[in-house]
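With mmCIF, C-alpha atoms and all ligand atoms inside, this is data_21.cif:
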data_query
loop_
_atom_site.label_atom_id
_atom_site.label_comp_id
_atom_site.auth_asym_id
_atom_site.auth_seq_id
_atom_site.Cartn_x
_atom_site.Cartn_y
_atom_site.Cartn_z
CA MET A 249 0.00 0.00 0.00
CA SER A 250 1.33 3.45 -0.78
CA THR A 251 1.87 5.96 2.02
CA GLU A 252 -0.94 8.05 0.62
CA ASN A 253 -3.36 5.15 0.86
CA ASN A 254 -2.14 4.50 4.38
CA SER A 255 -2.79 8.02 5.54
CA GLU A 256 -6.19 7.99 3.81
CA THR A 257 -7.13 4.77 5.65
CA LEU A 258 -5.89 6.25 8.91
CA PHE A 259 -7.87 9.44 8.41
CA ASN A 260 -11.05 7.51 7.56
CA SER A 261 -10.55 5.40 10.64
CA SER A 262 -10.26 8.52 12.82
CA ILE A 263 -13.54 9.84 11.36
CA LYS A 264 -15.27 6.53 11.99
CA ILE A 265 -14.03 6.40 15.60
CA LEU A 266 -14.87 10.05 16.23
CA THR A 267 -18.40 9.44 14.92
CA ASP A 268 -18.76 6.51 17.32
CA LEU A 269 -17.36 8.50 20.25
CA ILE A 270 -19.73 11.43 19.68
CA ALA A 271 -22.70 9.03 19.77
CA PHE A 272 -21.90 8.17 23.43
CA LYS A 273 -23.69 10.85 25.45
CA THR A 274 -20.94 11.24 28.01
CA ILE A 275 -22.06 14.47 29.61
CA SER A 276 -20.06 15.25 32.77
CA GLY A 277 -21.46 13.51 35.83
CA GLU A 278 -23.12 10.76 33.83
CA ASP A 279 -22.19 7.14 33.21
CA ASN A 280 -19.32 6.97 30.68
CA SER A 281 -18.71 3.21 30.93
CA SER A 282 -19.98 2.33 27.42
CA LEU A 283 -17.51 4.75 25.86
CA ILE A 284 -14.72 3.35 28.04
CA ASP A 285 -15.69 -0.22 27.03
CA TYR A 286 -15.50 0.89 23.40
CA CYS A 287 -12.01 2.43 23.76
CA ASP A 288 -10.74 -0.44 25.89
CA GLY A 289 -12.11 -2.91 23.32
CA ILE A 290 -10.03 -1.34 20.57
CA LEU A 291 -6.86 -1.20 22.66
CA ILE A 292 -7.16 -4.68 24.20
CA SER A 293 -7.75 -6.23 20.77
CA LEU A 294 -4.41 -4.72 19.75
CA GLY A 295 -2.60 -6.25 22.70
CA ALA A 296 -2.69 -3.38 25.17
CA GLN A 297 -2.93 -3.96 28.92
CA SER A 298 -5.51 -1.87 30.76
CA PHE A 299 -6.74 -1.02 34.18
CA ARG A 300 -9.69 1.03 35.34
CA THR A 301 -10.39 3.32 38.26
CA TYR A 302 -13.81 4.53 39.34
CA ASP A 303 -15.80 7.12 41.21
CA ASP A 304 -17.40 6.09 44.52
CA GLU A 305 -20.56 4.80 42.82
CA LYS A 306 -18.57 2.90 40.19
CA LYS A 307 -20.66 4.65 37.57
CA ARG A 308 -17.93 6.73 35.99
CA VAL A 309 -14.71 5.22 34.82
CA ASN A 310 -11.12 6.19 34.03
CA LEU A 311 -9.18 3.97 31.67
CA PHE A 312 -5.41 3.59 31.55
CA SER A 313 -4.10 1.35 28.82
CA SER A 314 -0.55 0.57 27.72
CA PHE A 315 1.48 -0.82 24.87
CA LYS A 316 4.64 -2.10 26.50
CA SER A 317 7.95 -1.44 24.78
CA LYS A 318 9.47 -4.45 23.00
CA LYS A 319 12.90 -3.44 24.22
CA SER A 320 13.55 -0.70 26.66
CA ASN A 321 16.42 1.71 26.21
CA GLY A 322 15.59 4.21 28.88
CA LYS A 323 13.33 6.44 26.80
CA LYS A 324 10.59 8.13 28.77
CA PRO A 325 7.13 6.61 28.24
CA ILE A 326 4.51 8.70 26.46
CA ILE A 327 1.05 9.25 27.92
CA PHE A 328 -1.74 10.42 25.64
CA SER A 329 -4.33 11.96 27.90
CA GLY A 330 -7.89 12.90 27.11
CA HIS A 331 -11.10 13.46 29.05
CA THR A 332 -14.13 11.51 27.89
CA ASP A 333 -16.83 13.83 29.23
CA VAL A 334 -18.46 16.65 27.33
CA VAL A 335 -20.35 19.71 28.51
CA PRO A 336 -24.17 19.63 28.33
CA VAL A 337 -25.92 20.81 25.17
CA SER A 338 -28.20 23.81 25.11
CA LYS A 339 -30.98 24.41 22.60
CA GLY A 340 -30.18 25.83 19.20
CA TRP A 341 -28.05 23.16 17.53
CA SER A 342 -28.58 22.92 13.75
CA ALA A 343 -28.48 19.12 13.97
CA ASP A 344 -28.43 16.38 16.62
CA PRO A 345 -25.34 17.13 18.75
CA PHE A 346 -24.73 13.41 19.27
CA THR A 347 -24.72 12.49 15.60
CA ALA A 348 -21.50 13.47 13.85
CA THR A 349 -22.18 15.46 10.69
CA ILE A 350 -19.59 16.49 8.14
CA LYS A 351 -20.10 19.72 6.24
CA ASN A 352 -17.57 21.95 4.48
CA ASP A 353 -14.53 20.08 5.80
CA LYS A 354 -15.75 20.33 9.37
CA LEU A 355 -17.08 17.59 11.59
CA TYR A 356 -19.88 18.78 13.87
CA GLY A 357 -20.95 17.21 17.15
CA ARG A 358 -20.69 17.70 20.91
CA GLY A 359 -17.15 16.86 21.95
CA SER A 360 -15.79 16.95 18.40
CA CYS A 361 -13.03 19.38 19.38
CA ASP A 362 -13.23 19.14 23.20
CA MET A 363 -11.87 16.54 23.12
CA LYS A 364 -13.06 13.40 21.41
CA GLY A 365 -11.22 14.42 18.22
CA PHE A 366 -7.91 13.80 19.96
CA ILE A 367 -9.09 10.50 21.46
CA ALA A 368 -10.27 9.39 18.00
CA CYS A 369 -6.86 10.18 16.51
CA VAL A 370 -4.88 8.25 19.11
CA LEU A 371 -7.24 5.27 18.83
CA ALA A 372 -7.04 5.35 15.04
CA TYR A 373 -3.27 5.37 15.36
CA ALA A 374 -3.18 2.61 17.99
CA PRO A 375 -2.87 -0.28 15.47
CA ILE A 376 0.35 1.29 14.18
CA PHE A 377 1.80 1.66 17.68
CA SER A 378 0.84 -1.93 18.35
CA ASN A 379 2.63 -3.17 15.22
CA SER A 380 5.75 -1.11 15.81
CA ASN A 381 8.92 -2.21 17.45
CA LEU A 382 8.41 0.21 20.33
CA ASP A 383 11.35 1.13 22.47
CA ARG A 384 9.26 2.99 25.00
CA ASP A 385 5.88 2.39 26.61
CA ILE A 386 2.91 4.18 25.03
CA HIS A 387 0.04 4.84 27.42
CA PHE A 388 -3.51 6.04 26.91
CA SER A 389 -5.24 7.85 29.75
CA PHE A 390 -8.97 8.50 29.35
CA THR A 391 -10.66 10.20 32.29
CA PHE A 392 -14.16 11.14 33.41
CA ASP A 393 -15.55 14.49 34.58
CA GLU A 394 -12.78 16.86 33.59
CA GLU A 395 -15.27 19.59 32.76
CA THR A 396 -16.59 19.60 36.32
CA ALA A 397 -13.34 20.50 38.07
CA CYS A 398 -11.21 17.49 37.07
CA LEU A 399 -12.91 14.97 39.33
CA GLY A 400 -11.77 11.81 37.55
CA ALA A 401 -8.09 12.47 36.93
CA PRO A 402 -6.94 12.63 40.59
CA ILE A 403 -8.33 9.11 41.16
CA LEU A 404 -6.40 7.80 38.17
CA ILE A 405 -3.27 9.68 39.16
CA ASN A 406 -3.28 8.16 42.66
CA GLU A 407 -3.27 4.76 41.01
CA LEU A 408 -0.40 5.77 38.69
CA VAL A 409 1.67 6.75 41.71
CA LYS A 410 0.88 3.39 43.38
CA ARG A 411 1.99 1.58 40.25
CA GLY A 412 5.15 3.64 39.93
CA ILE A 413 4.11 5.30 36.67
CA ASN A 414 5.31 8.76 37.59
CA ASN A 415 7.99 9.44 35.06
CA GLY A 416 7.33 10.24 31.46
CA ILE A 417 5.94 12.68 28.96
CA CYS A 418 2.24 13.45 29.01
CA ILE A 419 0.49 14.99 26.03
CA ILE A 420 -2.91 16.39 26.90
CA GLY A 421 -4.86 16.71 23.66
CA GLU A 422 -7.12 19.63 24.55
CA PRO A 423 -7.88 21.74 21.48
CA THR A 424 -4.93 24.08 20.87
CA ASN A 425 -4.71 23.84 17.06
CA MET A 426 -1.71 21.60 17.76
CA LYS A 427 0.13 24.54 19.33
CA ILE A 428 2.18 24.02 22.47
CA ILE A 429 0.58 25.24 25.68
CA ASP A 430 2.89 25.01 28.66
CA ALA A 431 1.06 26.83 31.43
CA HIS A 432 -2.30 27.93 32.77
CA LYS A 433 -3.62 29.33 36.01
CA GLY A 434 -5.34 27.18 38.59
CA CYS A 435 -9.10 27.38 39.00
CA TYR A 436 -10.58 26.88 42.46
CA GLU A 437 -14.31 27.08 43.09
CA TYR A 438 -16.00 27.26 46.48
CA THR A 439 -19.41 27.67 48.04
CA THR A 440 -19.53 29.00 51.59
CA TYR A 441 -22.69 28.33 53.60
CA PHE A 442 -23.81 30.53 56.50
CA GLU A 443 -26.36 29.48 59.08
CA GLY A 444 -27.65 31.88 61.71
CA LEU A 445 -30.93 32.34 63.53
CA ALA A 446 -34.17 33.62 61.98
CA GLY A 447 -36.17 36.32 63.71
CA HIS A 448 -38.28 39.44 63.27
CA SER A 449 -36.46 42.39 61.76
CA SER A 450 -37.65 44.66 64.58
CA GLN A 451 -35.52 42.63 67.01
CA PRO A 452 -32.21 42.26 65.19
CA HIS A 453 -30.27 41.53 68.40
CA LYS A 454 -32.30 38.33 68.91
CA GLY A 455 -31.37 36.81 65.58
CA VAL A 456 -28.20 36.08 63.60
CA SER A 457 -28.47 37.30 60.04
CA ALA A 458 -26.75 34.82 57.73
CA VAL A 459 -27.01 37.39 54.93
CA GLU A 460 -25.15 40.04 56.90
CA TYR A 461 -22.35 37.67 57.93
CA ALA A 462 -22.09 36.47 54.35
CA SER A 463 -21.72 40.13 53.29
CA LYS A 464 -18.84 40.62 55.73
CA TYR A 465 -17.24 37.46 54.36
CA VAL A 466 -17.62 38.76 50.80
CA ASN A 467 -16.08 42.08 51.79
CA LYS A 468 -13.12 40.25 53.28
CA LEU A 469 -12.69 38.29 50.04
CA ILE A 470 -12.71 41.52 48.05
CA GLU A 471 -10.12 42.98 50.41
CA LEU A 472 -7.98 39.85 49.93
CA ARG A 473 -8.32 40.29 46.19
CA ASP A 474 -6.23 43.46 46.50
CA ARG A 475 -3.65 41.53 48.49
CA LEU A 476 -3.46 39.00 45.64
CA LYS A 477 -2.67 41.84 43.23
CA GLU A 478 0.17 42.99 45.49
CA ARG A 479 1.53 39.45 45.51
CA GLN A 480 1.88 39.39 41.70
CA PRO A 481 5.04 37.46 40.77
CA LYS A 482 7.62 39.64 39.01
CA ASP A 483 7.96 37.37 36.01
CA SER A 484 4.29 36.41 35.66
CA ILE A 485 3.40 35.11 32.18
CA PHE A 486 -0.37 35.46 32.61
CA ASP A 487 -2.96 38.02 31.67
CA PRO A 488 -3.85 39.51 34.07
CA PRO A 489 -0.49 38.78 35.71
CA TYR A 490 -1.87 38.29 39.24
CA SER A 491 -4.27 35.81 40.85
CA THR A 492 -7.90 36.82 40.40
CA LEU A 493 -10.93 36.36 42.62
CA GLN A 494 -14.58 36.63 41.78
CA ILE A 495 -17.85 36.50 43.70
CA GLY A 496 -20.27 34.60 41.47
CA GLY A 497 -23.40 34.85 43.58
CA ILE A 498 -24.95 35.52 46.98
CA PHE A 499 -28.17 33.72 47.80
CA GLY A 500 -30.19 34.16 50.97
CA GLY A 501 -33.17 35.67 52.72
CA ILE A 502 -36.92 35.42 52.30
CA ALA A 503 -38.41 38.85 53.07
CA HIS A 504 -37.62 42.48 53.91
CA ASN A 505 -38.67 42.03 57.51
CA VAL A 506 -37.28 38.60 58.31
CA ILE A 507 -33.78 37.98 59.62
CA ALA A 508 -32.31 35.46 57.20
CA ASP A 509 -31.09 32.26 58.83
CA LYS A 510 -29.44 30.91 55.68
CA CYS A 511 -27.21 32.33 52.99
CA TYR A 512 -24.54 31.02 50.69
CA VAL A 513 -21.85 32.57 48.54
CA ASN A 514 -20.37 31.16 45.34
CA TRP A 515 -16.86 32.34 44.65
CA GLU A 516 -13.78 31.34 42.69
CA THR A 517 -10.13 32.20 42.42
CA ARG A 518 -7.55 31.63 39.68
CA PRO A 519 -4.15 31.50 41.31
CA VAL A 520 -1.05 32.21 39.24
CA ILE A 521 0.98 30.28 41.80
CA LYS A 522 -0.17 27.59 44.23
CA GLU A 523 1.01 29.69 47.18
CA ASP A 524 -1.66 32.30 46.40
CA GLY A 525 -4.36 29.65 46.72
CA ILE A 526 -2.93 28.56 50.07
CA PHE A 527 -2.60 32.16 51.27
CA LEU A 528 -6.15 33.07 50.29
CA ASN A 529 -7.72 30.00 51.84
CA SER A 530 -5.86 30.33 55.10
CA GLU A 531 -6.71 34.05 55.41
CA ILE A 532 -10.41 33.64 54.67
CA ASP A 533 -10.72 30.54 56.87
CA LYS A 534 -9.04 32.37 59.73
CA TYR A 535 -11.40 35.32 59.33
CA ALA A 536 -14.42 33.02 59.33
CA THR A 537 -13.45 30.94 62.34
CA GLU A 538 -11.71 33.58 64.48
CA ILE A 539 -13.76 36.69 63.78
CA LEU A 540 -17.19 35.94 62.28
CA LEU A 541 -18.13 32.66 63.92
CA PRO A 542 -17.49 33.76 67.54
CA GLU A 543 -19.67 36.85 66.92
CA MET A 544 -22.47 34.71 65.51
CA ARG A 545 -22.24 32.18 68.31
CA LYS A 546 -22.50 34.86 71.00
CA VAL A 547 -26.17 35.13 70.01
CA PHE A 548 -26.84 31.63 68.71
CA SER A 549 -24.46 28.81 69.59
CA ASP A 550 -25.47 26.59 66.65
CA SER A 551 -24.45 29.20 64.05
CA SER A 552 -22.14 27.83 61.41
CA ILE A 553 -19.95 28.74 58.45
CA LYS A 554 -18.99 25.91 56.13
CA LYS A 555 -16.81 26.22 53.06
CA LYS A 556 -17.34 23.53 50.47
CA ILE A 557 -14.75 22.87 47.78
CA ILE A 558 -16.55 22.60 44.45
CA GLY A 559 -13.33 21.94 42.60
CA GLU A 560 -9.66 22.77 42.77
CA VAL A 561 -8.06 22.43 39.35
CA ILE A 562 -4.45 23.10 40.12
CA GLY A 563 -2.41 25.35 37.90
CA PHE A 564 -0.01 24.17 35.24
CA ASP A 565 3.36 25.83 35.74
CA ARG A 566 5.80 26.76 33.03
CA GLU A 567 9.00 24.75 33.31
CA ASN A 568 12.31 25.70 31.83
CA ASP A 569 13.65 22.87 29.67
CA SER A 570 10.38 20.99 29.68
CA LYS A 571 11.01 17.53 28.23
CA ALA A 572 7.43 17.34 26.99
CA CYS A 573 7.56 20.67 25.14
CA GLU A 574 10.93 19.78 23.65
CA PHE A 575 9.54 16.44 22.47
CA VAL A 576 6.54 18.04 20.73
CA SER A 577 8.62 20.88 19.25
CA ASN A 578 11.01 18.34 17.81
CA ILE A 579 8.17 16.72 15.93
CA THR A 580 6.15 19.74 14.84
CA GLY A 581 9.08 22.12 14.32
CA ASP A 582 7.09 24.73 16.24
CA ASN A 583 9.09 26.22 19.09
CA SER A 584 6.44 28.64 20.31
CA ARG A 585 5.04 28.38 23.84
CA GLU A 586 1.69 29.82 24.82
CA VAL A 587 -0.44 30.07 27.91
CA VAL A 588 -4.21 29.67 27.99
CA SER A 589 -7.03 30.82 30.20
CA PHE A 590 -8.77 27.47 30.51
CA GLY A 591 -7.95 24.74 33.03
CA THR A 592 -6.83 21.21 32.17
CA GLU A 593 -5.57 18.07 33.89
CA ALA A 594 -1.99 19.11 33.11
CA GLY A 595 -1.14 20.37 36.61
CA LEU A 596 -2.15 17.02 38.10
CA PHE A 597 0.28 15.06 35.93
CA GLN A 598 2.97 17.68 36.44
CA GLU A 599 2.55 17.43 40.20
CA ILE A 600 3.62 13.76 40.25
CA GLY A 601 6.72 14.47 38.19
CA ILE A 602 5.48 13.75 34.68
CA SER A 603 6.64 16.32 32.15
CA THR A 604 3.44 17.62 30.57
CA VAL A 605 2.32 19.64 27.59
CA VAL A 606 -1.13 20.60 26.32
CA CYS A 607 -1.34 20.11 22.57
CA GLY A 608 -4.23 18.79 20.53
CA PRO A 609 -6.35 19.20 17.42
CA GLY A 610 -9.18 21.70 17.03
CA SER A 611 -9.74 25.13 18.46
CA ILE A 612 -10.93 26.11 21.94
CA GLN A 613 -13.04 28.74 20.14
CA GLN A 614 -15.49 26.00 19.23
CA ALA A 615 -15.44 24.21 22.57
CA HIS A 616 -18.57 24.29 24.76
CA LYS A 617 -20.46 26.09 21.95
CA ILE A 618 -23.61 25.38 19.99
CA ASP A 619 -22.65 23.59 16.74
CA GLU A 620 -19.22 22.60 18.11
CA PHE A 621 -16.99 21.36 15.32
CA ILE A 622 -13.47 20.30 14.45
CA GLU A 623 -11.84 21.06 11.14
CA LEU A 624 -10.97 17.82 9.36
CA ASN A 625 -7.55 19.24 8.64
CA GLU A 626 -6.89 19.38 12.40
CA LEU A 627 -7.42 15.63 12.63
CA LYS A 628 -4.93 15.17 9.79
CA LYS A 629 -2.41 17.39 11.59
CA CYS A 630 -2.84 15.32 14.74
CA LEU A 631 -2.39 12.02 12.88
CA LYS A 632 0.76 13.38 11.31
CA PHE A 633 1.99 14.38 14.75
CA LEU A 634 1.32 10.84 16.00
CA GLU A 635 3.43 9.51 13.18
CA GLY A 636 6.21 11.71 14.54
CA VAL A 637 5.69 10.25 18.00
CA LYS A 638 5.89 6.74 16.57
CA ASN A 639 9.11 7.55 14.70
CA LYS A 640 10.63 8.73 17.98
CA SER A 641 9.48 5.57 19.72
CA ILE A 642 11.06 2.88 17.54
CA ASN A 643 14.70 2.02 17.22
ZN ZN A 701 -11.60 19.85 27.41
#

Before we go any further, please render this structure as structure tokens.
Amino acid sequence: MSTENNSETLFNSSIKILTDLIAFKTISGEDNSSLIDYCDGILISLGAQSFRTYDDEKKRVNLFSSFKSKKSNGKKPIIFSGHTDVVPVSKGWSADPFTATIKNDKLYGRGSCDMKGFIACVLAYAPIFSNSNLDRDIHFSFTFDEETACLGAPILINELVKRGINNGICIIGEPTNMKIIDAHKGCYEYTTYFEGLAGHSSQPHKGVSAVEYASKYVNKLIELRDRLKERQPKDSIFDPPYSTLQIGGIFGGIAHNVIADKCYVNWETRPVIKEDGIFLNSEIDKYATEILLPEMRKVFSDSSIKKKIIGEVIGFDRENDSKACEFVSNITGDNSREVVSFGTEAGLFQEIGISTVVCGPGSIQQAHKIDEFIELNELKKCLKFLEGVKNKSIN
């Protein structure tokens, strides 16, 4: 078969797999096991060895699957990492979001660019990896619930540490138009619940207004926001260059003349460095427990303030001499490095010592949108990149 025929077959296979993947309605939080069975089926049939990790209800699944090297010569293993969940669909799609449709060299469907396109490419390429005389391990990491604060990946990563898989190069195929992304901020989301004592507004001293204490808490957060600005690292690569903080909502109270016994605040922060996240949390927790709570409890001893972590997607830090970036640059010839404003699982892999880069087909412009699509040419670029990976993984 000529090379052209080969790449045509490969491309068609990626389209077929992507079409199948889009048909699994793997919205975050829902059962993704059929999609995992599908991916595992392909990889196992090619001789890969897999293991799975689960959420507490065993409803959502992470898959980690490996082609072992035929002879090892000390090369770092490669991990292809993708999340299997997609964001929910809103009304307004031109066609069924879970049926892949090709029009004008674009493939439409929920998850087409974020990020089933990448998973389809690596699965389409898997037969070639399997038939190659690999001199390094090639791993596939498919996680659940990335879109809801990276809930699946930490469970998988714990298992990787247990199994001693904590050295290597991880390529996270989020849509970057195959450009190298080597850093992003963290994204931490919290809800803080206040419980006081209801009462009549004419007797404020006999109640504990959850709304008023929540307001003080919010004011403290806004004050801390200025402190975050002052803490801006000199060489920050982000825009804005400091850690941000935002109050997303305050909910509480039932009437003008009733002291509110319940209130909650949604807030988030995007730290440029982990230390900012630690600083902010310790300052706000101290304020809540040492200042606000004693005041509330003077009137009503069962008053409470509880901060719930909705998600803490840790930041992805730029590394000098990143092995992962170097590896990708070597293949694509593109030496540029960019930062993005969206969160990924990259920081989690980086944290256990795996050199990590975010690089994948499609554009983030189309992610999470109505009529999400991926340009077919992006899939071709990704397949070509995988060929480069294969060439660097055989002796
Ligand atoms: Zn994504």

If you take only C-alpha atoms and all ligand atoms and a cut-off of 12 Å, which residues of chain A touch ligand ZN 701 (chain A), and what are their nearest atom pairs and distances in Å to one decimal, in chain and number order, as a tab-separated table?
residue	atom	partner	partner_atom	distance
A:Ile275	CA	A:ZN701	ZN	12.0
A:Ser276	CA	A:ZN701	ZN	11.0
A:Ser329	CA	A:ZN701	ZN	10.7
A:Gly330	CA	A:ZN701	ZN	7.9
A:His331	CA	A:ZN701	ZN	6.6
A:Thr332	CA	A:ZN701	ZN	8.7
A:Asp333	CA	A:ZN701	ZN	8.2
A:Val334	CA	A:ZN701	ZN	7.6
A:Val335	CA	A:ZN701	ZN	8.8
A:Arg358	CA	A:ZN701	ZN	11.4
A:Gly359	CA	A:ZN701	ZN	8.3
A:Ser360	CA	A:ZN701	ZN	10.4
A:Cys361	CA	A:ZN701	ZN	8.2
A:Asp362	CA	A:ZN701	ZN	4.6
A:Met363	CA	A:ZN701	ZN	5.4
A:Lys364	CA	A:ZN701	ZN	8.9
A:Gly365	CA	A:ZN701	ZN	10.7
A:Phe366	CA	A:ZN701	ZN	10.3
A:Ile367	CA	A:ZN701	ZN	11.4
A:Phe390	CA	A:ZN701	ZN	11.8
A:Thr391	CA	A:ZN701	ZN	10.9
A:Phe392	CA	A:ZN701	ZN	10.9
A:Asp393	CA	A:ZN701	ZN	9.8
A:Glu394	CA	A:ZN701	ZN	7.0
A:Glu395	CA	A:ZN701	ZN	6.5
A:Thr396	CA	A:ZN701	ZN	10.2
A:Ala397	CA	A:ZN701	ZN	10.8
A:Cys398	CA	A:ZN701	ZN	10.0
A:Ile420	CA	A:ZN701	ZN	9.4
A:Gly421	CA	A:ZN701	ZN	8.3
A:Glu422	CA	A:ZN701	ZN	5.3
A:Pro423	CA	A:ZN701	ZN	7.3
A:Thr424	CA	A:ZN701	ZN	10.3
A:Phe590	CA	A:ZN701	ZN	8.7
A:Gly591	CA	A:ZN701	ZN	8.3
A:Thr592	CA	A:ZN701	ZN	6.9
A:Glu593	CA	A:ZN701	ZN	9.0
A:Ala594	CA	A:ZN701	ZN	11.2
A:Val606	CA	A:ZN701	ZN	10.6
A:Cys607	CA	A:ZN701	ZN	11.3
A:Gly608	CA	A:ZN701	ZN	10.1
A:Pro609	CA	A:ZN701	ZN	11.3
A:Gly610	CA	A:ZN701	ZN	10.8
A:Ser611	CA	A:ZN701	ZN	10.6
A:Ile612	CA	A:ZN701	ZN	8.3
A:Gln613	CA	A:ZN701	ZN	11.6
A:Gln614	CA	A:ZN701	ZN	10.9
A:Ala615	CA	A:ZN701	ZN	7.6
A:His616	CA	A:ZN701	ZN	8.7

All residues 10 Å or closer to Ala271 of chain A, all atoms listed in the file, same chain fewer than 4 positions away omitted, as an NGL selection string: :A and (265-267 or 283 or 344-348 or 357-359)

May I have the selected residues written with C-alpha atoms, as a tab-separated table (two decimals), in the coordinates of the input?
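Saved result, part24.tsv, follows:
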chain	number	residue	atom	x	y	z
A	265	ILE	CA	-14.03	6.40	15.60
A	266	LEU	CA	-14.87	10.05	16.23
A	267	THR	CA	-18.40	9.44	14.92
A	283	LEU	CA	-17.51	4.75	25.86
A	344	ASP	CA	-28.43	16.38	16.62
A	345	PRO	CA	-25.34	17.13	18.75
A	346	PHE	CA	-24.73	13.41	19.27
A	347	THR	CA	-24.72	12.49	15.60
A	348	ALA	CA	-21.50	13.47	13.85
A	357	GLY	CA	-20.95	17.21	17.15
A	358	ARG	CA	-20.69	17.70	20.91
A	359	GLY	CA	-17.15	16.86	21.95

Spatial neighbours of segment 557-571 of chain A, 7 Å, all atoms listed in the file, chain gap at least 6 places, as a ChimeraX atom specification: /A:397-398,430-439,591,594-596,603

Next, write the just-selected residues to a file, as an mmCIF file, in the coordinates of the input, keeping C-alpha atoms as the atom set.
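Result file is out31.cif:
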data_model
loop_
_atom_site.group_PDB
_atom_site.id
_atom_site.type_symbol
_atom_site.label_atom_id
_atom_site.label_comp_id
_atom_site.auth_asym_id
_atom_site.auth_seq_id
_atom_site.Cartn_x
_atom_site.Cartn_y
_atom_site.Cartn_z
ATOM 1 C CA ALA A 397 -13.340 20.500 38.070
ATOM 2 C CA CYS A 398 -11.210 17.490 37.070
ATOM 3 C CA ASP A 430 2.890 25.010 28.660
ATOM 4 C CA ALA A 431 1.060 26.830 31.430
ATOM 5 C CA HIS A 432 -2.300 27.930 32.770
ATOM 6 C CA LYS A 433 -3.620 29.330 36.010
ATOM 7 C CA GLY A 434 -5.340 27.180 38.590
ATOM 8 C CA CYS A 435 -9.100 27.380 39.000
ATOM 9 C CA TYR A 436 -10.580 26.880 42.460
ATOM 10 C CA GLU A 437 -14.310 27.080 43.090
ATOM 11 C CA TYR A 438 -16.000 27.260 46.480
ATOM 12 C CA THR A 439 -19.410 27.670 48.040
ATOM 13 C CA GLY A 591 -7.950 24.740 33.030
ATOM 14 C CA ALA A 594 -1.990 19.110 33.110
ATOM 15 C CA GLY A 595 -1.140 20.370 36.610
ATOM 16 C CA LEU A 596 -2.150 17.020 38.100
ATOM 17 C CA SER A 603 6.640 16.320 32.150
#

Between atom CA of Ser317 of chain A and atom CA of Val409 of chain A - distance in Å to one decimal: 19.8 Å

Between atom CA of Phe621 of chain A and atom CA of Asn254 of chain A - distance in Å to one decimal: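 Between these atoms lies a distance of 25.0 Å.
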
Straight-line distance linking atom CA of Phe527 of chain A with atom CA of Arg473 of chain A, stated in Å to one decimal: 11.2 Å

Closest of A:Ile618, A:Leu311, A:Ala401, A:Ile429 to Phe388 of chain A - atom-to-atom distances counting all atoms listed in the file: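 Among A:Ile618, A:Leu311, A:Ala401, A:Ile429, it is A:Leu311 that comes nearest to Phe388 of chain A.
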
Which residue of A:Leu355, A:Leu371, A:Ile413, A:Val513 approaches Thr440 of chain A most closely, using only C-alpha atoms: A:Val513

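Residues in contact with Lys324 of chain A at 9 Å, where only C-alpha atoms are counted and same-chain residues fewer than 5 positions away are skipped, are listed as Arg384, Asp385, Asn415, Gly416 and Ile417 of chain A.
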
Top pick for closest residue to Leu445 of chain A, considering A:Gln480, A:Thr580, A:Asn352, A:Ser549 and counting only C-alpha atoms: A:Ser549

Counting all atoms listed in the file, the residue of A:Pro489, A:Asn514, A:Val506, A:Thr604 that sits nearest Ser589 of chain A: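 Looking only at the distances to Ser589 of chain A, the closest residue turns out to be A:Pro489.
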
Residue among A:Met544, A:Leu528, A:Ala572, A:Leu294 lying closest to Phe442 of chain A, counting all atoms listed in the file: A:Met544

Among the residues A:Asp550, A:Ile263, A:Gly447, A:Ala368, the one that comes closest to His504 of chain A [using all atoms listed in the file]: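 For His504 of chain A, the nearest of the candidates is A:Gly447.
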